[in-house]
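For reference, the structure discussed in these notes is given below.
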Amino acid sequence: MAQSDLSLVEQVFRQYKENLKLSLSFSILLVFIFFFLRFSNVALLNGTLFFDYSFAPLGIEVVAAEALAVLVFIAMYSILLTLLLLAVRNDLSHIKVHFYLREMVQKFLSRFFLYFVLLSILFVLVVSLGVWLNLPLMWINLALLLVSLSLIFVPQSLVVDEKPIAESIVTNWYVIRTNPLDFVLVVVLSMVAVGILPLVESAVDYFVYAGRYVTVLLMFVVIVPFIEILKTILYMNRFELVRGHEYARKRHPGLRGLTIAKKK
């Protein structure tokens, strides 16, 4: 088990190193962070951007500006995440299919964008319902956390299995149910990584009051890429080792195309 864990760590670090430029490209998202901080209902703490969903005190033009900024942010994040997951998938595949992947980029981008927009709308609805029911903030945040955890492998299903959003969500639940140790590993490592950020922020603020900017930078260029790379490796290992090559040929359209390409 120790050797297996070490191998997984080595794979994640290797993929991060080989895709370092893509990972560093996530720093572009800092532009949106500085823009969001101009709004009174937004706060940055411990590498996380917090929104106050009480839009009533805000003018309609402010709400419209925030909504537009969120859509642009989601679009940019979708682009970066799609490119990163495709790069990892291509590196881990037995066949290099650059042309095939270039053809699929647009489809993946549109699905990622739609998925994150729908997820954002769901979060707003959950928070609004919780506020309307006068639920404690802790319970509302717990509901958001549970929703997020229940969809943890959806990005990997969208890219690796090339399925529509609804099917990707169902496949994600299947992966969580059949591979609970992988799910727990991702959750624990994510919690540990995010849990370190307050310590980093406090340490930086001790010398110069810029800790929140350092931690959000670490979140974008280190934690998010590392976790997404880890999830992709676990997802592809599950597919190759559990479902097998023959299952891939029969049921997986993307890998079936790769198999045909190999024969040619």
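By order of appearance in the structure tokens: chains A, B, ..., then residues from 1 within every chain, and ligands from 1 in the order shown.
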
Residues at most 12 Å from Phe226 (chain A), counting only C-alpha atoms, excluding those fewer than 2 positions away in the same chain, as a ChimeraX atom specification?
/A:8-17,19-20,22-24,26,81,84-85,88,186,189-190,193,218-224,228-233

Apply DSSP to the backbone of this structure and, from region 3-138 of chain A, keep only the residues in helix (DSSP H, G or I); write these as a ChimeraX atom specification.
/A:3-18,20-36,60-92,98-132,137-138

Skipping near chain neighbours, those fewer than 6 positions away, what residues fall within 12 Å of Val131 (chain A) using only C-alpha atoms, listed as a PyMOL selection string?
chain A and resi 52-54+124-125+137-141

Which of these, A:Glu18, A:Asp161, A:Glu201, A:Glu66, has the shortest distance to Arg38 (chain A) once you count only C-alpha atoms?
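Under the stated criterion, the closest residue is A:Glu66.
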
List the spatial neighbours of region 105-109 of chain A as a PyMOL selection string - criterion: any atom at most 10 Å away, only C-alpha atoms, same-chain residues fewer than 5 positions off excluded.
chain A and resi 75-83+86+100+114-115+155+158-159+162-164

Selected residues written out with all heavy atoms, as a compact mmCIF listing (two decimals), in the first residue's frame:
```txt
# COMPACT_ATOMS: atom_id res chain seq x y z
N ALA A 75 -16.52 31.15 -17.41
CA ALA A 75 -16.02 30.84 -18.76
C ALA A 75 -14.51 30.65 -18.75
O ALA A 75 -13.98 29.68 -19.32
CB ALA A 75 -16.42 31.94 -19.74
N MET A 76 -13.79 31.56 -18.09
CA MET A 76 -12.33 31.44 -18.04
C MET A 76 -11.90 30.22 -17.25
O MET A 76 -10.98 29.49 -17.65
CB MET A 76 -11.74 32.71 -17.42
CG MET A 76 -10.22 32.70 -17.33
SD MET A 76 -9.42 32.50 -18.95
CE MET A 76 -9.90 34.05 -19.73
N TYR A 77 -12.56 29.96 -16.13
CA TYR A 77 -12.24 28.78 -15.33
C TYR A 77 -12.52 27.50 -16.11
O TYR A 77 -11.75 26.53 -16.03
CB TYR A 77 -13.05 28.79 -14.03
CG TYR A 77 -12.76 27.62 -13.12
CD1 TYR A 77 -11.57 27.55 -12.40
CD2 TYR A 77 -13.67 26.58 -12.99
CE1 TYR A 77 -11.30 26.47 -11.57
CE2 TYR A 77 -13.41 25.49 -12.17
CZ TYR A 77 -12.23 25.45 -11.46
OH TYR A 77 -11.97 24.38 -10.64
N SER A 78 -13.60 27.50 -16.87
CA SER A 78 -13.94 26.32 -17.68
C SER A 78 -12.87 26.06 -18.73
O SER A 78 -12.50 24.90 -18.98
CB SER A 78 -15.30 26.54 -18.36
OG SER A 78 -16.33 26.70 -17.42
N ILE A 79 -12.36 27.12 -19.34
CA ILE A 79 -11.30 26.97 -20.33
C ILE A 79 -10.06 26.35 -19.71
O ILE A 79 -9.49 25.37 -20.22
CB ILE A 79 -10.96 28.32 -20.97
CG1 ILE A 79 -12.13 28.82 -21.82
CG2 ILE A 79 -9.70 28.23 -21.83
CD1 ILE A 79 -11.95 30.24 -22.34
N LEU A 80 -9.62 26.92 -18.59
CA LEU A 80 -8.40 26.45 -17.94
C LEU A 80 -8.54 25.01 -17.44
O LEU A 80 -7.64 24.19 -17.61
CB LEU A 80 -8.04 27.38 -16.78
CG LEU A 80 -7.69 28.82 -17.15
CD1 LEU A 80 -7.56 29.69 -15.90
CD2 LEU A 80 -6.42 28.87 -17.97
N LEU A 81 -9.69 24.71 -16.83
CA LEU A 81 -9.90 23.36 -16.30
C LEU A 81 -9.99 22.34 -17.43
O LEU A 81 -9.45 21.23 -17.33
CB LEU A 81 -11.16 23.32 -15.45
CG LEU A 81 -11.45 22.01 -14.72
CD1 LEU A 81 -10.29 21.63 -13.81
CD2 LEU A 81 -12.75 22.10 -13.93
N THR A 82 -10.66 22.70 -18.51
CA THR A 82 -10.77 21.79 -19.65
C THR A 82 -9.39 21.47 -20.22
O THR A 82 -9.07 20.29 -20.47
CB THR A 82 -11.63 22.43 -20.77
OG1 THR A 82 -12.96 22.64 -20.27
CG2 THR A 82 -11.68 21.52 -21.98
N LEU A 83 -8.58 22.48 -20.41
CA LEU A 83 -7.24 22.26 -20.97
C LEU A 83 -6.38 21.41 -20.04
O LEU A 83 -5.63 20.54 -20.49
CB LEU A 83 -6.55 23.61 -21.24
CG LEU A 83 -7.20 24.48 -22.31
CD1 LEU A 83 -6.48 25.83 -22.41
CD2 LEU A 83 -7.18 23.78 -23.66
N LEU A 86 -7.75 17.73 -20.07
CA LEU A 86 -7.42 17.11 -21.34
C LEU A 86 -5.94 16.77 -21.44
O LEU A 86 -5.57 15.72 -21.97
CB LEU A 86 -7.82 18.03 -22.49
CG LEU A 86 -9.30 18.07 -22.87
CD1 LEU A 86 -9.55 19.13 -23.93
CD2 LEU A 86 -9.75 16.70 -23.38
N TYR A 100 -7.59 14.56 -32.19
CA TYR A 100 -8.89 14.19 -31.65
C TYR A 100 -9.26 15.10 -30.48
O TYR A 100 -10.40 15.60 -30.40
CB TYR A 100 -8.86 12.74 -31.19
CG TYR A 100 -10.05 12.32 -30.37
CD1 TYR A 100 -11.28 12.07 -30.98
CD2 TYR A 100 -9.95 12.19 -28.99
CE1 TYR A 100 -12.37 11.67 -30.24
CE2 TYR A 100 -11.04 11.81 -28.25
CZ TYR A 100 -12.24 11.55 -28.86
OH TYR A 100 -13.32 11.18 -28.12
N LEU A 114 -21.76 25.33 -19.05
CA LEU A 114 -23.15 25.12 -18.69
C LEU A 114 -23.26 24.45 -17.32
O LEU A 114 -24.11 24.83 -16.50
CB LEU A 114 -23.84 24.26 -19.76
CG LEU A 114 -25.31 23.92 -19.50
CD1 LEU A 114 -26.14 25.19 -19.38
CD2 LEU A 114 -25.85 23.03 -20.61
N TYR A 115 -22.39 23.48 -17.06
CA TYR A 115 -22.43 22.77 -15.77
C TYR A 115 -22.17 23.73 -14.61
O TYR A 115 -22.91 23.73 -13.61
CB TYR A 115 -21.39 21.65 -15.77
CG TYR A 115 -21.13 21.07 -14.40
CD1 TYR A 115 -22.08 20.28 -13.77
CD2 TYR A 115 -19.92 21.32 -13.74
CE1 TYR A 115 -21.86 19.75 -12.50
CE2 TYR A 115 -19.68 20.79 -12.48
CZ TYR A 115 -20.65 20.02 -11.86
OH TYR A 115 -20.42 19.50 -10.61
N PRO A 155 -16.36 16.76 -13.23
CA PRO A 155 -15.45 17.24 -14.29
C PRO A 155 -14.68 16.11 -14.96
O PRO A 155 -14.49 16.13 -16.19
CB PRO A 155 -14.50 18.18 -13.52
CG PRO A 155 -15.30 18.65 -12.36
CD PRO A 155 -16.13 17.47 -11.95
N LEU A 158 -16.99 14.27 -17.34
CA LEU A 158 -17.25 15.05 -18.54
C LEU A 158 -16.12 14.90 -19.56
O LEU A 158 -16.37 14.79 -20.76
CB LEU A 158 -17.41 16.53 -18.18
CG LEU A 158 -18.74 16.94 -17.52
CD1 LEU A 158 -18.64 18.36 -16.99
CD2 LEU A 158 -19.88 16.82 -18.51
N VAL A 159 -14.87 14.87 -19.08
CA VAL A 159 -13.72 14.84 -19.98
C VAL A 159 -13.31 13.41 -20.34
O VAL A 159 -13.08 13.10 -21.50
CB VAL A 159 -12.52 15.59 -19.35
CG1 VAL A 159 -11.25 15.36 -20.16
CG2 VAL A 159 -12.82 17.08 -19.29
N GLU A 162 -16.59 11.56 -21.60
CA GLU A 162 -17.21 12.35 -22.67
C GLU A 162 -18.73 12.23 -22.66
O GLU A 162 -19.37 12.12 -23.71
CB GLU A 162 -16.65 11.94 -24.02
CG GLU A 162 -15.15 12.09 -24.14
CD GLU A 162 -14.63 11.59 -25.48
OE1 GLU A 162 -15.44 11.36 -26.39
OE2 GLU A 162 -13.40 11.44 -25.61
N LYS A 163 -19.31 12.25 -21.48
CA LYS A 163 -20.75 12.11 -21.36
C LYS A 163 -21.42 13.46 -21.19
O LYS A 163 -20.79 14.42 -20.74
CB LYS A 163 -21.10 11.21 -20.17
CG LYS A 163 -20.64 9.77 -20.34
CD LYS A 163 -21.07 8.92 -19.17
CE LYS A 163 -20.69 7.46 -19.36
NZ LYS A 163 -21.11 6.62 -18.23
N PRO A 164 -22.71 13.56 -21.51
CA PRO A 164 -23.47 14.79 -21.22
C PRO A 164 -23.52 15.04 -19.72
O PRO A 164 -23.18 14.17 -18.91
CB PRO A 164 -24.86 14.48 -21.79
CG PRO A 164 -24.65 13.38 -22.77
CD PRO A 164 -23.51 12.57 -22.25
```
